[in-house]
Structure formats: C-alpha cells, structure tokens
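Student: A single structure is presented below for examination.
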Amino acid sequence: MDFEINKVTMDEEFKICPLCGYKDGFHSMFKKEGDVTKWLFICPSCHRVFDAGFTV
Ligand SMILES: [Zn+2]
C-alpha cells in the first residue's frame, strides 16, 4: 500500500476534511509501524488519509 499520510492536529473535534471540506466524518484504517499501530482516517469524499496522532 502506497499513499500519502496528511498530518493533522485535532482541536475540539475532527469531523471536517481540511483538504476538500467534506463535513460528515471519516472512515478508519489501521497501520502497523513497528511496535505501534496507527489509527488513521480516510476522507470518504477525497480519499486522502489523515494522521491525527492516535495509536491503538
Ligand atoms: Zn476530503
């Protein structure tokens, strides 16, 4: 899998896509990096991937 991960910092909520403005939240995906599993978010509209700093 090869895709760009866009780093975001979360304020009070993370619901609106900063790249396309889609307002209804995100799909989830998980990606292993060594010992940590990152919890990533995919915009259902523009399909870009975001990392808000969460791990599982
Ligand atoms: Zn989007």
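Ligands are numbered from 1 in the order shown, residues from 1 within each chain, and chains are lettered A, B, ... in the order they appear in the structure tokens.
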Set the cut-off to 10 Å, count only C-alpha atoms and all ligand atoms, and list whatever residues fall near ligand 1 as JSON, numbers by chain.
Tutor: {"A": [16, 17, 18, 19, 20, 21, 22, 23, 24, 25, 26, 42, 43, 44, 45, 46, 47, 48, 49, 50]}
Student: Residues of chain A in strand (DSSP E or B) according to DSSP, as a list in words?
Tutor: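 Those residues are Ile5, Asn6, Lys7, His27, Ser28, Met29, Phe30, Lys31, Lys32, Glu33, Val36, Thr37, Lys38, Trp39, Leu40, Phe41, Ile42, Val49, Phe50, Asp51, Ala52, Gly53, Phe54 and Thr55 of chain A.
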Student: Do a neighbour search on Met10 (chain A) at 10 Å with only C-alpha atoms, toss out local chain neighbours closer than 4 positions, and write the hits as a list of chain:residue names.
Tutor: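 My reading of the contact set: A:Phe14, A:Lys15, A:Asp51, A:Ala52, A:Gly53.
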Student: Rounded to one decimal, what separation in Å do you get between CA of Leu40 (chain A) and CA of Glu4 (chain A)?
Tutor: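 Interatomic distance, CA of Leu40 (chain A) to CA of Glu4 (chain A): 11.4 Å.
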Student: Enter the distance from CA of Gly34 (chain A) to CA of Val8 (chain A), in Å, rounded to one decimal.
Tutor: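 CA of Val8 (chain A) lies at a distance of 21.2 Å from CA of Gly34 (chain A).
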Student: When you draw a straight line from CA of Val36 (chain A) to CA of Asp11 (chain A), how long is it in Å?
Tutor: 23.0 Å
Student: So which residues touch Lys31 (chain A) within 10 Å, counting only C-alpha atoms, skipping near sequence neighbours fewer than 5 positions away, as a list in words?
Tutor: Val36, Thr37, Lys38, Trp39, Leu40, Thr55 and Val56 of chain A
